[in-house]
>>> print(open('target_9.txt').read())   # compact mmCIF, C-alpha atoms
# COMPACT_ATOMS: atom_id res chain seq x y z
CA MET B 1 -122.77 -312.28 -29.09
CA ASP B 2 -120.02 -309.99 -27.89
CA LYS B 3 -117.52 -308.63 -30.29
CA LYS B 4 -114.72 -310.45 -28.47
CA ASP B 5 -116.32 -313.79 -29.37
CA PHE B 6 -115.40 -313.23 -32.98
CA LYS B 7 -112.14 -314.61 -34.14
CA ILE B 8 -109.85 -311.87 -35.31
CA ASP B 9 -109.68 -312.43 -38.99
CA ASP B 10 -108.63 -309.28 -40.76
CA TRP B 11 -109.12 -308.97 -44.43
CA VAL B 12 -105.85 -307.84 -45.96
CA ILE B 13 -105.72 -306.28 -49.40
CA ALA B 14 -102.45 -304.89 -50.65
CA GLY B 15 -101.07 -304.41 -47.17
CA ARG B 16 -104.14 -302.77 -45.70
CA SER B 17 -106.25 -304.67 -43.25
CA PHE B 18 -109.98 -304.36 -42.85
CA GLN B 19 -112.26 -305.77 -40.18
CA SER B 20 -115.32 -305.72 -42.40
CA ARG B 21 -115.54 -307.56 -45.69
CA LEU B 22 -118.50 -305.58 -46.82
CA LEU B 23 -118.10 -303.12 -49.68
CA VAL B 24 -120.92 -300.67 -50.18
CA GLY B 25 -121.84 -298.31 -52.97
CA THR B 26 -122.79 -294.70 -52.38
CA GLY B 27 -125.29 -294.20 -55.19
CA LYS B 28 -129.10 -294.27 -55.33
CA TYR B 29 -129.66 -292.79 -51.87
CA LYS B 30 -132.28 -290.13 -51.30
CA ASP B 31 -129.81 -287.65 -49.82
CA PHE B 32 -126.39 -287.49 -48.15
CA ASN B 33 -127.91 -287.90 -44.70
CA GLU B 34 -129.44 -291.22 -45.70
CA THR B 35 -126.14 -292.26 -47.31
CA LYS B 36 -124.24 -291.52 -44.12
CA MET B 37 -126.72 -293.31 -41.86
CA ALA B 38 -126.90 -296.41 -44.03
CA ILE B 39 -123.15 -296.70 -44.42
CA ASP B 40 -122.50 -296.09 -40.71
CA GLN B 41 -124.99 -298.82 -39.85
CA SER B 42 -123.56 -301.26 -42.38
CA GLY B 43 -120.20 -301.28 -40.61
CA ALA B 44 -118.47 -301.28 -43.98
CA GLN B 45 -115.03 -299.72 -44.12
CA ILE B 46 -114.76 -299.56 -47.87
CA VAL B 47 -117.10 -297.46 -49.99
CA THR B 48 -117.16 -297.13 -53.72
CA VAL B 49 -117.51 -293.74 -55.36
CA ALA B 50 -117.89 -292.46 -58.88
CA ILE B 51 -115.71 -289.72 -60.32
CA ARG B 52 -117.77 -287.20 -62.26
CA ARG B 53 -117.51 -283.70 -63.63
CA THR B 54 -118.19 -281.07 -60.99
CA ASN B 55 -121.17 -278.83 -61.64
CA ILE B 56 -119.74 -275.38 -62.10
CA GLY B 57 -121.82 -272.66 -60.52
CA GLN B 58 -123.62 -274.91 -58.10
CA ASP B 59 -124.51 -273.84 -54.59
CA LYS B 60 -121.32 -273.05 -52.73
CA ASN B 61 -122.57 -274.54 -49.49
CA GLU B 62 -123.85 -277.75 -50.98
CA PRO B 63 -122.05 -280.60 -49.21
CA SER B 64 -120.07 -283.09 -51.21
CA LEU B 65 -119.84 -286.81 -50.60
CA LEU B 66 -116.33 -286.38 -49.24
CA ASP B 67 -117.67 -284.07 -46.52
CA VAL B 68 -120.33 -286.56 -45.51
CA LEU B 69 -118.16 -289.67 -45.47
CA ALA B 70 -114.80 -288.64 -44.08
CA PRO B 71 -111.95 -290.03 -46.19
CA ASP B 72 -109.95 -290.78 -43.03
CA LYS B 73 -112.72 -293.02 -41.71
CA TYR B 74 -113.63 -294.86 -44.89
CA THR B 75 -111.45 -296.27 -47.57
CA TYR B 76 -112.64 -294.85 -50.83
CA LEU B 77 -112.68 -297.05 -53.86
CA PRO B 78 -113.02 -294.78 -56.87
CA ASN B 79 -114.28 -296.78 -59.77
CA THR B 80 -114.03 -296.51 -63.50
CA ALA B 81 -117.56 -297.62 -64.33
CA GLY B 82 -118.76 -295.60 -67.24
CA CYS B 83 -115.43 -295.91 -69.02
CA TYR B 84 -115.36 -297.87 -72.24
CA SER B 85 -111.66 -297.76 -72.96
CA ALA B 86 -108.45 -298.24 -71.03
CA ASP B 87 -107.41 -294.66 -71.79
CA ASP B 88 -110.63 -293.22 -70.35
CA ALA B 89 -110.32 -295.35 -67.25
CA ILE B 90 -106.68 -294.42 -66.69
CA ARG B 91 -107.53 -290.75 -67.00
CA THR B 92 -110.37 -291.09 -64.52
CA LEU B 93 -108.19 -292.90 -62.02
CA ARG B 94 -105.40 -290.37 -62.23
CA LEU B 95 -107.93 -287.65 -61.45
CA ALA B 96 -109.29 -289.77 -58.61
CA ARG B 97 -105.83 -290.14 -57.15
CA GLU B 98 -105.34 -286.38 -57.18
CA LEU B 99 -108.81 -285.89 -55.72
CA LEU B 100 -108.19 -288.34 -52.88
CA ASP B 101 -104.68 -287.11 -52.04
CA GLY B 102 -102.65 -289.92 -53.52
CA HIS B 103 -104.93 -292.73 -52.43
CA ASN B 104 -104.14 -295.72 -54.62
CA LEU B 105 -106.73 -298.42 -54.12
CA VAL B 106 -109.17 -298.50 -56.97
CA LYS B 107 -112.01 -300.50 -58.37
CA LEU B 108 -110.95 -301.34 -61.83
CA GLU B 109 -113.39 -301.97 -64.57
CA VAL B 110 -113.70 -301.12 -68.22
CA LEU B 111 -117.17 -301.66 -69.57
CA GLY B 112 -117.74 -303.70 -72.67
CA ASP B 113 -121.46 -303.53 -73.20
CA PRO B 114 -123.76 -300.63 -72.36
CA LYS B 115 -126.85 -302.80 -71.85
CA THR B 116 -125.51 -305.52 -69.58
CA LEU B 117 -122.53 -303.49 -68.27
CA TYR B 118 -120.47 -306.61 -68.85
CA PRO B 119 -116.78 -305.77 -68.54
CA ASN B 120 -114.29 -305.66 -71.35
CA VAL B 121 -111.48 -307.79 -69.94
CA ILE B 122 -109.04 -307.04 -72.74
CA GLU B 123 -109.23 -303.32 -72.11
CA THR B 124 -109.15 -303.91 -68.36
CA LEU B 125 -105.92 -305.82 -68.71
CA ARG B 126 -104.47 -303.15 -70.97
CA GLN B 127 -105.38 -300.52 -68.41
CA GLN B 128 -103.82 -302.61 -65.66
CA ARG B 129 -100.56 -303.01 -67.55
CA TYR B 130 -100.25 -299.28 -67.88
CA LEU B 131 -101.22 -298.55 -64.31
CA SER B 132 -98.86 -301.13 -62.84
CA LYS B 133 -95.99 -299.42 -64.55
CA LYS B 134 -96.86 -295.81 -64.10
CA VAL B 135 -99.51 -294.73 -61.74
CA LEU B 136 -101.00 -296.74 -58.96
CA THR B 137 -99.81 -299.66 -56.94
CA SER B 138 -102.62 -301.64 -55.43
CA TRP B 139 -105.81 -302.95 -56.79
CA TYR B 140 -109.18 -304.31 -56.30
CA ILE B 141 -110.67 -305.88 -59.36
CA PRO B 142 -114.22 -307.11 -59.64
CA GLN B 143 -115.68 -309.61 -62.04
CA MET B 144 -112.64 -311.50 -63.19
CA THR B 145 -112.14 -314.75 -64.94
CA PRO B 146 -109.45 -317.04 -63.45
CA LEU B 147 -107.32 -316.43 -66.52
CA LEU B 148 -107.42 -312.67 -66.10
CA GLN B 149 -106.73 -313.10 -62.43
CA ASN B 150 -103.55 -315.00 -63.25
CA SER B 151 -102.47 -312.38 -65.78
CA LEU B 152 -102.97 -309.69 -63.19
CA LYS B 153 -101.03 -311.60 -60.56
CA ARG B 154 -98.08 -311.57 -62.90
CA LEU B 155 -98.40 -307.79 -63.03
CA ASP B 156 -97.92 -307.59 -59.27
CA VAL B 157 -101.49 -306.68 -58.62
CA ALA B 158 -103.55 -307.49 -55.55
CA PRO B 159 -106.48 -309.16 -57.23
CA LEU B 160 -109.66 -310.17 -55.58
CA CYS B 161 -112.34 -312.26 -57.19
CA LEU B 162 -115.96 -311.74 -56.25
CA MET P 1 -110.35 -248.75 -95.33
CA GLU P 2 -113.21 -246.46 -94.33
CA LYS P 3 -115.56 -248.33 -96.61
CA LYS P 4 -114.71 -251.58 -94.92
CA PHE P 5 -115.66 -250.22 -91.53
CA ASN P 6 -118.84 -248.72 -92.94
CA PHE P 7 -119.79 -252.15 -94.06
CA LEU P 8 -119.57 -253.31 -90.44
CA LYS P 9 -121.64 -250.26 -89.43
CA ILE P 10 -119.19 -249.35 -86.69
CA ASN P 11 -116.47 -246.74 -86.64
CA LYS P 12 -112.79 -247.47 -86.68
CA LEU P 13 -112.31 -246.85 -82.97
CA SER P 14 -114.98 -249.23 -81.86
CA TYR P 15 -113.62 -251.81 -84.26
CA ILE P 16 -110.20 -251.51 -82.64
CA TYR P 17 -111.81 -251.59 -79.23
CA LEU P 18 -113.67 -254.77 -80.14
CA LEU P 19 -110.46 -256.34 -81.42
CA ILE P 20 -108.58 -255.51 -78.24
CA ASN P 21 -111.47 -256.73 -76.19
CA TYR P 22 -111.63 -259.95 -78.15
CA TYR P 23 -107.96 -260.72 -77.74
CA SER P 24 -107.72 -259.68 -74.11
CA ASN P 25 -110.45 -262.08 -73.06
CA MET P 26 -109.58 -265.61 -72.17
CA LYS P 27 -111.82 -268.34 -73.43
CA ILE P 28 -111.37 -271.75 -71.87
CA ILE P 29 -113.39 -274.91 -72.04
CA ILE P 30 -114.43 -276.21 -68.66
CA ASN P 31 -116.14 -279.60 -68.60
CA GLY P 32 -117.13 -279.16 -72.22
CA THR P 33 -118.58 -275.64 -71.85
CA ILE P 34 -116.89 -272.47 -73.08
CA LYS P 35 -116.24 -269.94 -70.30
CA GLU P 36 -114.94 -266.43 -70.84
CA PHE P 37 -112.89 -264.37 -68.43
CA ASN P 38 -111.80 -260.74 -68.66
CA VAL P 39 -108.12 -261.55 -68.39
CA GLN P 40 -105.49 -262.99 -70.70
CA SER P 41 -104.38 -265.70 -68.33
CA MET P 42 -104.75 -266.62 -64.69
CA THR P 43 -103.37 -269.08 -62.20
CA ALA P 44 -105.29 -272.19 -61.28
CA ALA P 45 -105.79 -270.74 -57.79
CA GLU P 46 -107.45 -267.64 -59.29
CA LEU P 47 -109.70 -269.79 -61.43
CA VAL P 48 -110.80 -271.77 -58.38
CA ILE P 49 -111.90 -268.50 -56.75
CA GLN P 50 -113.66 -267.34 -59.92
CA LEU P 51 -115.60 -270.58 -60.07
CA LYS P 52 -116.40 -270.37 -56.35
CA LEU P 53 -114.85 -273.76 -55.71
CA GLU P 54 -112.71 -272.77 -52.70
CA GLY P 55 -112.83 -275.32 -49.92
CA LYS P 56 -114.42 -277.96 -52.12
CA ARG P 57 -112.83 -281.28 -53.00
CA PHE P 58 -112.09 -281.58 -56.68
CA ALA P 59 -109.32 -282.35 -59.12
CA ILE P 60 -108.40 -280.37 -62.23
CA GLU P 61 -107.02 -281.68 -65.45
CA CYS P 62 -105.70 -279.14 -67.95
CA ASN P 63 -105.19 -280.28 -71.56
CA GLY P 64 -104.98 -283.88 -70.39
CA GLU P 65 -102.49 -283.21 -67.60
CA ILE P 66 -103.35 -283.33 -63.91
CA MET P 67 -102.81 -280.06 -62.06
CA PRO P 68 -101.51 -280.95 -58.59
CA ARG P 69 -103.30 -278.97 -55.89
CA SER P 70 -99.98 -277.96 -54.37
CA LEU P 71 -99.07 -276.10 -57.57
CA PHE P 72 -102.34 -274.19 -58.07
CA LYS P 73 -100.69 -270.86 -57.28
CA GLU P 74 -97.99 -271.35 -59.89
CA LEU P 75 -99.73 -273.14 -62.77
CA MET P 76 -101.14 -270.82 -65.40
CA ILE P 77 -104.32 -271.30 -67.37
CA ASN P 78 -104.25 -269.70 -70.80
CA ASP P 79 -106.66 -268.93 -73.60
CA GLY P 80 -107.92 -272.05 -75.35
CA ASP P 81 -107.07 -274.46 -72.55
CA GLN P 82 -109.37 -277.40 -72.00
CA LEU P 83 -110.12 -278.16 -68.40
CA GLU P 84 -111.87 -281.00 -66.68
CA ILE P 85 -112.92 -280.46 -63.09
CA VAL P 86 -114.14 -283.57 -61.30
CA GLY P 87 -115.32 -284.57 -57.86
CA ALA P 88 -116.43 -287.73 -56.08
CA VAL P 89 -120.13 -288.45 -56.24
CA GLY P 90 -122.37 -291.22 -55.05
CA GLY P 91 -122.10 -294.32 -57.20
CA GLY P 92 -119.72 -297.10 -57.74
>>> encode(input="target_9.txt", output="C-alpha cells")
Amino acid sequence: MDKKDFKIDDWVIAGRSFQSRLLVGTGKYKDFNETKMAIDQSGAQIVTVAIRRTNIGQDKNEPSLLDVLAPDKYTYLPNTAGCYSADDAIRTLRLARELLDGHNLVKLEVLGDPKTLYPNVIETLRQQRYLSKKVLTSWYIPQMTPLLQNSLKRLDVAPLCL
Amino acid sequence: MEKKFNFLKINKLSYIYLLINYYSNMKIIINGTIKEFNVQSMTAAELVIQLKLEGKRFAIECNGEIMPRSLFKELMINDGDQLEIVGAVGGG
C-alpha cells in the first residue's frame, strides 16, 4: 500500500503534530548503532530518554545518545522514572529542559513501588501542580486513572491515557 | 609554639605552606564525589574544560540551581559547591 492511501490523521499533543503514534524507549540496546537502526526502522518520532549523572572522566570521544539520535529529528521525551518524590522529579525535569534547550514535553511519572514500579499518583499530581505553574507547559502522562486525568485537565495539561 | 609544631613533626614553614595550600584549593562535590582543584574558584566554563566535557551535551546544577549554558562564562563555582552534571542516556 502506498503512503498516499493512508488517511492523513496527525496525532496532535499540545500543539505538536506527529505522523506516528509509536513511542519507543532507548534503553536495553546492545550499542548506539543498534539503537539508531531500530528507531529509524520503527518510524517513531518520539523517543523516551532517561536523565542520569554524567560519568566524569569518561572517554572524550564516546558518543552520547543525543549525537546518535538528532534532537531535531526526534522529539525527546525525558522521563522521571527512578524518581520517588515530586521534588526529585521536578529537579530532574528542570535539568532535562536545560539539557534539551528548553524542550518542554515530558513523560511524567513518580514511582510508588520499587518492585512493581507502580506510579504514585498523589506525588505525580503534586509534581504536575508545581510544573504547571512554574516550569514546563505541555505534558505527556502515562498510566493514569480517569480521576487523575480529570484533575490534570483542570491544570491545563495535555494528558494522554495509555 | 615550637613544641606544637614538633608534635606534628614538621617545621613552621611547611605548616604554613600546608595551610596556604589547603585554603587555596577548591573542593567541590560533583555527582556525589569530592573533586579538588588547584584554584580558589573558577567559572563554569573553566570547569567544563577541566572535566573534558567540551562539546558534550549535559546540564549542570549547582547547589540545587540550574546553571544556564549561556551563562557558563560568568557563573562562578566556589569551594564547597555541590554540582550535579547530567546527560541523556538510553532508557525511558
>>> closest_residue(input="target_9.txt", among="P:Asn25, P:Thr43, P:Asn11, P:Thr33", to="chain B", atoms="only C-alpha atoms")
P:Thr33
>>> atom_distance(input="target_9.txt", atom1="CA of Thr75 (chain B)", atom2="CA of Leu99 (chain B)")
13.5 Å
>>> closest_atom_pairs(input="target_9.txt", of="chain B", to="chain P", cutoff="10 Å", atoms="only C-alpha atoms", output="Markdown table")
| residue | atom | partner | partner_atom | distance |
| --- | --- | --- | --- | --- |
| B:Val24 | CA | P:Gly92 | CA | 8.4 |
| B:Gly25 | CA | P:Gly92 | CA | 5.4 |
| B:Thr26 | CA | P:Gly90 | CA | 4.4 |
| B:Gly27 | CA | P:Gly91 | CA | 3.8 |
| B:Lys28 | CA | P:Gly91 | CA | 7.2 |
| B:Tyr29 | CA | P:Gly90 | CA | 8.1 |
| B:Asp31 | CA | P:Gly90 | CA | 9.8 |
| B:Phe32 | CA | P:Gly90 | CA | 8.8 |
| B:Thr35 | CA | P:Gly90 | CA | 8.7 |
| B:Val47 | CA | P:Gly92 | CA | 8.2 |
| B:Thr48 | CA | P:Gly92 | CA | 4.8 |
| B:Val49 | CA | P:Gly92 | CA | 4.7 |
| B:Ala50 | CA | P:Gly91 | CA | 4.9 |
| B:Ile51 | CA | P:Ala88 | CA | 4.7 |
| B:Arg52 | CA | P:Val86 | CA | 5.2 |
| B:Arg53 | CA | P:Val86 | CA | 4.1 |
| B:Thr54 | CA | P:Val86 | CA | 4.8 |
| B:Asn55 | CA | P:Val86 | CA | 8.5 |
| B:Ile56 | CA | P:Leu51 | CA | 6.7 |
| B:Gly57 | CA | P:Leu51 | CA | 6.6 |
| B:Gln58 | CA | P:Lys52 | CA | 8.7 |
| B:Asp59 | CA | P:Lys52 | CA | 9.0 |
| B:Lys60 | CA | P:Lys52 | CA | 6.7 |
| B:Asn61 | CA | P:Lys56 | CA | 9.2 |
| B:Glu62 | CA | P:Lys56 | CA | 9.5 |
| B:Pro63 | CA | P:Lys56 | CA | 8.6 |
| B:Ser64 | CA | P:Val89 | CA | 7.4 |
| B:Leu65 | CA | P:Val89 | CA | 5.9 |
| B:Leu66 | CA | P:Ala88 | CA | 7.0 |
| B:Asp67 | CA | P:Arg57 | CA | 8.6 |
| B:Tyr76 | CA | P:Ala88 | CA | 9.6 |
| B:Leu77 | CA | P:Gly92 | CA | 8.0 |
| B:Pro78 | CA | P:Gly92 | CA | 7.1 |
| B:Asn79 | CA | P:Gly92 | CA | 5.8 |
| B:Thr80 | CA | P:Gly92 | CA | 8.1 |
| B:Ala81 | CA | P:Gly92 | CA | 7.0 |
| B:Gly82 | CA | P:Gly92 | CA | 9.7 |
| B:Arg91 | CA | P:Gly64 | CA | 8.1 |
| B:Thr92 | CA | P:Val86 | CA | 9.0 |
| B:Arg94 | CA | P:Ile66 | CA | 7.5 |
| B:Leu95 | CA | P:Ala59 | CA | 6.0 |
| B:Ala96 | CA | P:Ala59 | CA | 7.4 |
| B:Arg97 | CA | P:Ala59 | CA | 8.8 |
| B:Glu98 | CA | P:Ala59 | CA | 6.0 |
| B:Leu99 | CA | P:Ala59 | CA | 4.9 |
| B:Leu100 | CA | P:Arg57 | CA | 8.4 |
| B:Asp101 | CA | P:Arg69 | CA | 9.1 |
| B:Lys107 | CA | P:Gly92 | CA | 8.4 |
>>> atom_distance(input="target_9.txt", atom1="CA of Gln82 (chain P)", atom2="CA of Leu19 (chain P)")
23.1 Å
>>> atom_distance(input="target_9.txt", atom1="CA of Asp87 (chain B)", atom2="CA of Gly80 (chain P)")
22.9 Å
>>> closest_residue(input="target_9.txt", among="P:Cys62, P:Glu36, P:Ser14, P:Lys27", to="Leu75 (chain P)", atoms="only C-alpha atoms")
P:Cys62
>>> axis_aligned_box(input="target_9.txt", around="region 56-75 of chain P", padding_each_side="4 Å", output="lines of an AutoDock Vina configuration file")
center_x = -106.2
center_y = -277.4
center_z = -61.8
size_x = 24.4
size_y = 21.0
size_z = 27.4
>>> residues_around(input="target_9.txt", residues="Arg21 (chain B)", least_positions_apart="3", cutoff="10 Å", atoms="only C-alpha atoms", output="PyMOL selection string")
chain B and resi 10-12+18+24+43-46
>>> write_last_selection(input="target_9.txt", atoms="C-alpha atoms", output="CSV table (one decimal), keeping the file's coordinate frame")
chain,number,residue,atom,x,y,z
B,10,ASP,CA,-108.6,-309.3,-40.8
B,11,TRP,CA,-109.1,-309.0,-44.4
B,12,VAL,CA,-105.8,-307.8,-46.0
B,18,PHE,CA,-110.0,-304.4,-42.8
B,24,VAL,CA,-120.9,-300.7,-50.2
B,43,GLY,CA,-120.2,-301.3,-40.6
B,44,ALA,CA,-118.5,-301.3,-44.0
B,45,GLN,CA,-115.0,-299.7,-44.1
B,46,ILE,CA,-114.8,-299.6,-47.9
